[in-house]
file protein_37.cif (mmCIF, C-alpha atoms; chains and numbers go by the auth columns)
data_coords
#
loop_
_atom_site.group_PDB
_atom_site.id
_atom_site.type_symbol
_atom_site.label_atom_id
_atom_site.label_comp_id
_atom_site.label_asym_id
_atom_site.label_seq_id
_atom_site.Cartn_x
_atom_site.Cartn_y
_atom_site.Cartn_z
_atom_site.B_iso_or_equiv
_atom_site.auth_seq_id
_atom_site.auth_asym_id
ATOM 1 C CA MET A 1 97.681 72.327 111.498 0.00 222 G
ATOM 2 C CA ASN A 2 100.469 74.940 111.336 0.00 223 G
ATOM 3 C CA GLN A 3 99.388 76.348 114.692 0.00 224 G
ATOM 4 C CA ALA A 4 99.658 72.881 116.194 0.00 225 G
ATOM 5 C CA LEU A 5 103.139 72.309 114.749 0.00 226 G
ATOM 6 C CA HIS A 6 104.390 75.698 115.944 0.00 227 G
ATOM 7 C CA PHE A 7 102.985 75.076 119.411 0.00 228 G
ATOM 8 C CA ILE A 8 104.687 71.669 119.604 0.00 229 G
ATOM 9 C CA HIS A 9 108.058 73.091 118.557 0.00 230 G
ATOM 10 C CA ASP A 10 107.752 76.083 120.892 0.00 231 G
ATOM 11 C CA HIS A 11 106.857 73.835 123.848 0.00 232 G
ATOM 12 C CA ILE A 12 108.938 70.738 123.104 0.00 233 G
ATOM 13 C CA HIS A 13 110.456 70.793 126.614 0.00 234 G
ATOM 14 C CA GLN A 14 107.023 70.372 128.147 0.00 235 G
ATOM 15 C CA SER A 15 104.622 67.503 128.427 0.00 236 G
ATOM 16 C CA LEU A 16 102.289 67.773 125.432 0.00 237 G
ATOM 17 C CA SER A 17 98.969 66.052 124.936 0.00 238 G
ATOM 18 C CA LEU A 18 96.880 65.700 121.818 0.00 239 G
ATOM 19 C CA ASP A 19 93.965 67.406 123.596 0.00 240 G
ATOM 20 C CA GLU A 20 96.100 70.388 124.606 0.00 241 G
ATOM 21 C CA VAL A 21 97.597 70.885 121.134 0.00 242 G
ATOM 22 C CA ALA A 22 94.212 70.421 119.452 0.00 243 G
ATOM 23 C CA LYS A 23 92.726 73.077 121.705 0.00 244 G
ATOM 24 C CA VAL A 24 95.471 75.559 120.765 0.00 245 G
ATOM 25 C CA ALA A 25 94.892 74.825 117.058 0.00 246 G
ATOM 26 C CA TYR A 26 91.099 75.063 117.405 0.00 247 G
ATOM 27 C CA LEU A 27 90.670 71.484 116.172 0.00 248 G
ATOM 28 C CA SER A 28 89.136 68.395 117.660 0.00 249 G
ATOM 29 C CA PRO A 29 91.688 65.879 118.974 0.00 250 G
ATOM 30 C CA SER A 30 90.455 63.166 116.610 0.00 251 G
ATOM 31 C CA TYR A 31 90.678 65.469 113.580 0.00 252 G
ATOM 32 C CA LEU A 32 94.179 66.620 114.539 0.00 253 G
ATOM 33 C CA SER A 33 95.204 62.985 114.939 0.00 254 G
ATOM 34 C CA ARG A 34 93.942 62.207 111.435 0.00 255 G
ATOM 35 C CA LEU A 35 95.834 65.222 110.041 0.00 256 G
ATOM 36 C CA PHE A 36 99.063 63.951 111.555 0.00 257 G
ATOM 37 C CA LYS A 37 98.601 60.540 109.983 0.00 258 G
ATOM 38 C CA ARG A 38 97.516 61.914 106.610 0.00 259 G
ATOM 39 C CA TYR A 39 100.056 64.705 106.110 0.00 260 G
ATOM 40 C CA LEU A 40 103.013 63.684 108.254 0.00 261 G
ATOM 41 C CA GLN A 41 102.681 59.893 107.965 0.00 262 G
ATOM 42 C CA THR A 42 103.109 59.505 111.716 0.00 263 G
ATOM 43 C CA ASN A 43 100.980 59.693 114.797 0.00 264 G
ATOM 44 C CA PHE A 44 100.933 62.595 117.249 0.00 265 G
ATOM 45 C CA VAL A 45 102.940 60.860 119.983 0.00 266 G
ATOM 46 C CA SER A 46 105.729 59.811 117.607 0.00 267 G
ATOM 47 C CA TYR A 47 105.875 63.303 116.132 0.00 268 G
ATOM 48 C CA VAL A 48 106.273 64.830 119.595 0.00 269 G
ATOM 49 C CA ASN A 49 108.712 62.224 120.911 0.00 270 G
ATOM 50 C CA THR A 50 111.134 62.268 117.963 0.00 271 G
ATOM 51 C CA PRO A 51 112.622 65.733 118.647 0.00 272 G
ATOM 52 C CA LYS A 52 112.575 65.022 122.387 0.00 273 G
ATOM 53 C CA ILE A 53 114.725 61.938 121.864 0.00 274 G
ATOM 54 C CA THR A 54 117.047 63.939 119.605 0.00 275 G
ATOM 55 C CA LEU A 55 117.459 66.548 122.342 0.00 276 G
ATOM 56 C CA ALA A 56 118.027 63.773 124.875 0.00 277 G
ATOM 57 C CA GLN A 57 120.789 62.303 122.702 0.00 278 G
ATOM 58 C CA LYS A 58 122.590 65.643 122.718 0.00 279 G
ATOM 59 C CA GLN A 59 122.262 65.970 126.493 0.00 280 G
ATOM 60 C CA LEU A 60 123.393 62.405 127.121 0.00 281 G
ATOM 61 C CA ALA A 61 126.432 62.730 124.864 0.00 282 G
ATOM 62 C CA THR A 62 127.602 66.138 126.031 0.00 283 G
ATOM 63 C CA THR A 63 126.666 66.443 129.708 0.00 284 G
ATOM 64 C CA LEU A 64 126.616 64.467 132.918 0.00 285 G
ATOM 65 C CA ILE A 65 123.057 65.496 133.755 0.00 286 G
ATOM 66 C CA PRO A 66 121.309 62.497 135.339 0.00 287 G
ATOM 67 C CA ILE A 67 118.937 60.632 133.053 0.00 288 G
ATOM 68 C CA HIS A 68 115.920 61.278 135.271 0.00 289 G
ATOM 69 C CA GLN A 69 116.631 65.007 135.087 0.00 290 G
ATOM 70 C CA ILE A 70 116.928 64.936 131.285 0.00 291 G
ATOM 71 C CA ALA A 71 113.607 63.087 131.134 0.00 292 G
ATOM 72 C CA THR A 72 111.965 65.724 133.336 0.00 293 G
ATOM 73 C CA GLN A 73 113.476 68.600 131.326 0.00 294 G
ATOM 74 C CA LEU A 74 111.938 67.116 128.176 0.00 295 G
ATOM 75 C CA GLY A 75 108.467 66.820 129.647 0.00 296 G
ATOM 76 C CA PHE A 76 108.430 63.116 130.505 0.00 297 G
ATOM 77 C CA SER A 77 106.669 62.626 133.829 0.00 298 G
ATOM 78 C CA GLN A 78 108.291 59.234 134.425 0.00 299 G
ATOM 79 C CA THR A 79 111.868 58.192 133.704 0.00 300 G
ATOM 80 C CA SER A 80 110.692 54.669 132.937 0.00 301 G
ATOM 81 C CA TYR A 81 108.483 55.947 130.095 0.00 302 G
ATOM 82 C CA PHE A 82 111.335 58.104 128.784 0.00 303 G
ATOM 83 C CA THR A 83 113.625 55.055 128.829 0.00 304 G
ATOM 84 C CA LYS A 84 110.991 52.978 127.019 0.00 305 G
ATOM 85 C CA VAL A 85 110.502 55.600 124.280 0.00 306 G
ATOM 86 C CA PHE A 86 114.268 56.100 123.950 0.00 307 G
ATOM 87 C CA LYS A 87 114.879 52.359 123.585 0.00 308 G
ATOM 88 C CA GLN A 88 112.012 51.952 121.097 0.00 309 G
ATOM 89 C CA THR A 89 113.461 54.793 119.018 0.00 310 G
ATOM 90 C CA LEU A 90 117.165 53.920 119.099 0.00 311 G
ATOM 91 C CA GLY A 91 117.295 50.286 120.178 0.00 312 G
ATOM 92 C CA ILE A 92 119.413 51.033 123.258 0.00 313 G
ATOM 93 C CA THR A 93 118.751 52.558 126.663 0.00 314 G
ATOM 94 C CA PRO A 94 119.776 56.122 127.551 0.00 315 G
ATOM 95 C CA SER A 95 122.534 54.717 129.799 0.00 316 G
ATOM 96 C CA GLN A 96 123.922 52.589 126.981 0.00 317 G
ATOM 97 C CA PHE A 97 123.755 55.548 124.600 0.00 318 G
ATOM 98 C CA ARG A 98 125.626 57.770 127.063 0.00 319 G
ATOM 99 C CA GLN A 99 128.301 55.161 127.630 0.00 320 G
ATOM 100 C CA GLN A 100 128.836 54.518 123.916 0.00 321 G
ATOM 101 C CA ASN A 101 128.985 58.205 123.073 0.00 322 G
ATOM 102 C CA ARG A 102 131.270 59.143 125.951 0.00 323 G
ATOM 103 C CA ILE A 103 133.721 56.500 124.789 0.00 324 G
ATOM 104 C CA SER A 104 133.568 57.741 121.185 0.00 325 G
ATOM 105 C CA GLN A 105 134.061 61.356 122.347 0.00 326 G
ATOM 106 C CA ILE A 106 137.083 60.324 124.398 0.00 327 G
ATOM 107 C CA ASN A 107 138.522 58.365 121.483 0.00 328 G
ATOM 108 C CA GLN A 108 137.977 61.340 119.187 0.00 329 G
ATOM 109 C CA LEU A 109 139.773 63.634 121.617 0.00 330 G
ATOM 110 C CA VAL A 110 142.650 61.190 121.922 0.00 331 G
ATOM 111 C CA SER A 111 142.989 60.970 118.146 0.00 332 G
ATOM 112 C CA GLN A 112 143.061 64.769 117.924 0.00 333 G
ATOM 113 C CA ASN A 113 145.940 64.899 120.434 0.00 334 G
ATOM 114 C CA THR A 114 144.074 67.105 122.887 0.00 335 G
ATOM 115 C CA TRP A 115 145.592 65.387 125.875 0.00 336 G
ATOM 116 C CA ALA A 116 147.455 67.604 128.280 0.00 337 G
ATOM 117 C CA ALA A 117 150.046 65.733 130.300 0.00 338 G
ATOM 118 C CA LYS A 118 150.046 66.399 134.029 0.00 339 G
ATOM 119 C CA SER A 119 152.063 64.857 136.816 0.00 340 G
ATOM 120 C CA SER A 120 150.115 61.692 137.643 0.00 341 G
ATOM 121 C CA HIS A 121 147.163 62.041 135.285 0.00 342 G
ATOM 122 C CA MET A 122 146.147 63.328 131.912 0.00 343 G
ATOM 123 C CA ALA A 123 143.303 65.762 131.310 0.00 344 G
ATOM 124 C CA ILE A 124 140.883 66.152 128.421 0.00 345 G
ATOM 125 C CA ASN A 125 139.562 69.643 127.985 0.00 346 G
ATOM 126 C CA HIS A 126 136.056 69.683 126.561 0.00 347 G
ATOM 127 C CA PRO A 127 133.812 72.764 126.165 0.00 348 G
ATOM 128 C CA THR A 128 131.276 71.515 128.737 0.00 349 G
ATOM 129 C CA ASP A 129 133.182 68.956 130.796 0.00 350 G
ATOM 130 C CA HIS A 130 136.667 68.363 132.091 0.00 351 G
ATOM 131 C CA TRP A 131 137.740 64.730 132.110 0.00 352 G
ATOM 132 C CA VAL A 132 140.724 63.372 133.978 0.00 353 G
ATOM 133 C CA TYR A 133 142.339 60.029 133.298 0.00 354 G
ATOM 134 C CA THR A 134 144.007 58.963 136.522 0.00 355 G
ATOM 135 C CA VAL A 135 146.886 56.564 137.044 0.00 356 G
ATOM 136 C CA SER A 136 144.327 53.983 138.183 0.00 357 G
ATOM 137 C CA GLY A 137 142.971 54.018 134.628 0.00 358 G
ATOM 138 C CA ARG A 138 139.606 55.624 135.363 0.00 359 G
ATOM 139 C CA PHE A 139 137.975 58.657 133.836 0.00 360 G
ATOM 140 C CA THR A 140 136.463 61.139 136.216 0.00 361 G
ATOM 141 C CA SER A 141 134.690 64.379 135.540 0.00 362 G
ATOM 142 C CA THR A 142 135.742 67.525 137.323 0.00 363 G
ATOM 143 C CA PRO A 143 133.885 70.824 137.336 0.00 364 G
ATOM 144 C CA THR A 144 135.321 73.643 135.290 0.00 365 G
ATOM 145 C CA ASP A 145 135.478 77.196 136.547 0.00 366 G
#
call {"tool": "encode", "arguments": {"input": "protein_37.cif", "output": "structure tokens"}}
result
Amino acid sequence: MNQALHFIHDHIHQSLSLDEVAKVAYLSPSYLSRLFKRYLQTNFVSYVNTPKITLAQKQLATTLIPIHQIATQLGFSQTSYFTKVFKQTLGITPSQFRQQNRISQINQLVSQNTWAAKSSHMAINHPTDHWVYTVSGRFTSTPTD
């Protein structure tokens, strides 16, 4: 079982199947499935998807990487399946999560007085992104050098 868990954690950014992990652990897929339910109180798919969704949350909140690219980076072959798993786990879609967390990040930055006044706009400096609030009242992301 430990071999299976280590393999999952070492390959979390890949698509993982019960058959593949069972083979690495020298167990039958059905036996490995029973071990997951008995000792971890969850099934294989849920165990694999939980850290993937956690990693997706971080990416969605801190980057502008497109959702389909995040899904691919985490081993989901279809964005629609990624969206389904994400919504089942958190109750909202990846797009909704990104929007809610971008707004909370912006509000947090505002409350910390990290605004830098510029001539016709204000900029938020963030470690991974640079946001500009224009006179039109819209936030835009600009690349940092």
call {"tool": "resolve_selection", "arguments": {"input": "protein_37.cif", "expression": "the PyMOL selection byres ((chain G and resi 319) around 12)", "output": "MDAnalysis selection string"}}
result
chainID G and resid 277:288 307 313:318 320:326
call {"tool": "closest_atom_pairs", "arguments": {"input": "protein_37.cif", "of": "region 252-297 of chain G", "to": "region 226-245 of chain G", "cutoff": "8 Å", "atoms": "only C-alpha atoms", "output": "Markdown table"}}
result
| residue | atom | partner | partner_atom | distance |
| --- | --- | --- | --- | --- |
| G:Leu253 | CA | G:Ala243 | CA | 6.2 |
| G:Ser254 | CA | G:Leu239 | CA | 7.6 |
| G:Phe265 | CA | G:Leu239 | CA | 6.9 |
| G:Val266 | CA | G:Leu239 | CA | 8.0 |
| G:Val269 | CA | G:Ile229 | CA | 7.0 |
| G:Pro272 | CA | G:Ile233 | CA | 7.6 |
| G:Lys273 | CA | G:Ile233 | CA | 6.8 |
| G:Gln294 | CA | G:His234 | CA | 6.0 |
| G:Leu295 | CA | G:His234 | CA | 4.3 |
| G:Gly296 | CA | G:Ser236 | CA | 4.1 |
| G:Phe297 | CA | G:Ser236 | CA | 6.2 |
call {"tool": "write_last_selection", "arguments": {"input": "protein_37.cif", "atoms": "C-alpha atoms", "output": "PDB file, keeping the file's coordinate frame"}}
result
ATOM      1  CA  LEU G 253      94.179  66.620 114.539  1.00  0.00           C
ATOM      2  CA  SER G 254      95.204  62.985 114.939  1.00  0.00           C
ATOM      3  CA  PHE G 265     100.933  62.595 117.249  1.00  0.00           C
ATOM      4  CA  VAL G 266     102.940  60.860 119.983  1.00  0.00           C
ATOM      5  CA  VAL G 269     106.273  64.830 119.595  1.00  0.00           C
ATOM      6  CA  PRO G 272     112.622  65.733 118.647  1.00  0.00           C
ATOM      7  CA  LYS G 273     112.575  65.022 122.387  1.00  0.00           C
ATOM      8  CA  GLN G 294     113.476  68.600 131.326  1.00  0.00           C
ATOM      9  CA  LEU G 295     111.938  67.116 128.176  1.00  0.00           C
ATOM     10  CA  GLY G 296     108.467  66.820 129.647  1.00  0.00           C
ATOM     11  CA  PHE G 297     108.430  63.116 130.505  1.00  0.00           C
TER      12      PHE G 297
END
call {"tool": "atom_distance", "arguments": {"input": "protein_37.cif", "atom1": "CA of Tyr252 (chain G)", "atom2": "CA of Ser267 (chain G)"}}
result
16.6 Å
call {"tool": "residues_around", "arguments": {"input": "protein_37.cif", "residues": "Ala246 (chain G)", "least_positions_apart": "6", "cutoff": "7 Å", "atoms": "all atoms listed in the file", "output": "JSON, numbers by chain"}}
result
{"G": [222, 224, 225]}
call {"tool": "closest_residue", "arguments": {"input": "protein_37.cif", "among": "G:Thr275, G:Asn223, G:Thr304, G:Ser298", "to": "Tyr260 (chain G)", "atoms": "only C-alpha atoms"}}
result
G:Asn223
call {"tool": "atom_distance", "arguments": {"input": "protein_37.cif", "atom1": "CA of Gln290 (chain G)", "atom2": "CA of Asn270 (chain G)"}}
result
16.5 Å
call {"tool": "atom_distance", "arguments": {"input": "protein_37.cif", "atom1": "CA of Ser249 (chain G)", "atom2": "CA of Thr271 (chain G)"}}
result
22.8 Å
call {"tool": "build_atoms", "arguments": {"input": "protein_37.cif", "residues": "region 225-240 of chain G", "atoms": "N, CA, C and O atoms", "output": "mmCIF file, keeping the file's coordinate frame"}}
result
data_model
loop_
_atom_site.group_PDB
_atom_site.id
_atom_site.type_symbol
_atom_site.label_atom_id
_atom_site.label_comp_id
_atom_site.auth_asym_id
_atom_site.auth_seq_id
_atom_site.Cartn_x
_atom_site.Cartn_y
_atom_site.Cartn_z
ATOM 1 N N ALA G 225 99.322 74.042 115.365
ATOM 2 C CA ALA G 225 99.658 72.881 116.194
ATOM 3 C C ALA G 225 101.150 72.589 116.123
ATOM 4 O O ALA G 225 101.801 72.358 117.152
ATOM 5 N N LEU G 226 101.715 72.598 114.915
ATOM 6 C CA LEU G 226 103.139 72.309 114.749
ATOM 7 C C LEU G 226 104.009 73.362 115.427
ATOM 8 O O LEU G 226 104.997 73.031 116.091
ATOM 9 N N HIS G 227 103.635 74.632 115.285
ATOM 10 C CA HIS G 227 104.390 75.698 115.944
ATOM 11 C C HIS G 227 104.317 75.556 117.465
ATOM 12 O O HIS G 227 105.324 75.739 118.159
ATOM 13 N N PHE G 228 103.150 75.247 117.961
ATOM 14 C CA PHE G 228 102.985 75.076 119.411
ATOM 15 C C PHE G 228 103.862 73.927 119.910
ATOM 16 O O PHE G 228 104.523 74.047 120.943
ATOM 17 N N ILE G 229 103.868 72.820 119.205
ATOM 18 C CA ILE G 229 104.687 71.669 119.604
ATOM 19 C C ILE G 229 106.157 72.072 119.646
ATOM 20 O O ILE G 229 106.856 71.810 120.637
ATOM 21 N N HIS G 230 106.645 72.712 118.608
ATOM 22 C CA HIS G 230 108.058 73.091 118.557
ATOM 23 C C HIS G 230 108.413 74.141 119.599
ATOM 24 O O HIS G 230 109.506 74.105 120.165
ATOM 25 N N ASP G 231 107.496 75.054 119.880
ATOM 26 C CA ASP G 231 107.752 76.083 120.892
ATOM 27 C C ASP G 231 107.693 75.541 122.311
ATOM 28 O O ASP G 231 108.232 76.159 123.230
ATOM 29 N N HIS G 232 107.038 74.403 122.502
ATOM 30 C CA HIS G 232 106.857 73.835 123.848
ATOM 31 C C HIS G 232 107.401 72.413 123.962
ATOM 32 O O HIS G 232 106.938 71.623 124.771
ATOM 33 N N ILE G 233 108.423 72.101 123.170
ATOM 34 C CA ILE G 233 108.938 70.738 123.104
ATOM 35 C C ILE G 233 109.506 70.263 124.444
ATOM 36 O O ILE G 233 109.544 69.071 124.708
ATOM 37 N N HIS G 234 109.907 71.175 125.311
ATOM 38 C CA HIS G 234 110.456 70.793 126.614
ATOM 39 C C HIS G 234 109.360 70.553 127.654
ATOM 40 O O HIS G 234 109.662 70.328 128.822
ATOM 41 N N GLN G 235 108.139 70.587 127.233
ATOM 42 C CA GLN G 235 107.023 70.372 128.147
ATOM 43 C C GLN G 235 106.297 69.083 127.783
ATOM 44 O O GLN G 235 106.433 68.564 126.674
ATOM 45 N N SER G 236 105.502 68.632 128.711
ATOM 46 C CA SER G 236 104.622 67.503 128.427
ATOM 47 C C SER G 236 103.516 68.016 127.506
ATOM 48 O O SER G 236 102.902 69.047 127.781
ATOM 49 N N LEU G 237 103.291 67.332 126.399
ATOM 50 C CA LEU G 237 102.289 67.773 125.432
ATOM 51 C C LEU G 237 101.271 66.659 125.197
ATOM 52 O O LEU G 237 101.650 65.517 124.975
ATOM 53 N N SER G 238 100.019 67.034 125.219
ATOM 54 C CA SER G 238 98.969 66.052 124.936
ATOM 55 C C SER G 238 98.245 66.446 123.653
ATOM 56 O O SER G 238 98.222 67.621 123.261
ATOM 57 N N LEU G 239 97.658 65.460 123.030
ATOM 58 C CA LEU G 239 96.880 65.700 121.818
ATOM 59 C C LEU G 239 95.742 66.680 122.111
ATOM 60 O O LEU G 239 95.494 67.603 121.321
ATOM 61 N N ASP G 240 95.075 66.509 123.235
ATOM 62 C CA ASP G 240 93.965 67.406 123.596
ATOM 63 C C ASP G 240 94.434 68.848 123.731
ATOM 64 O O ASP G 240 93.781 69.772 123.229
#
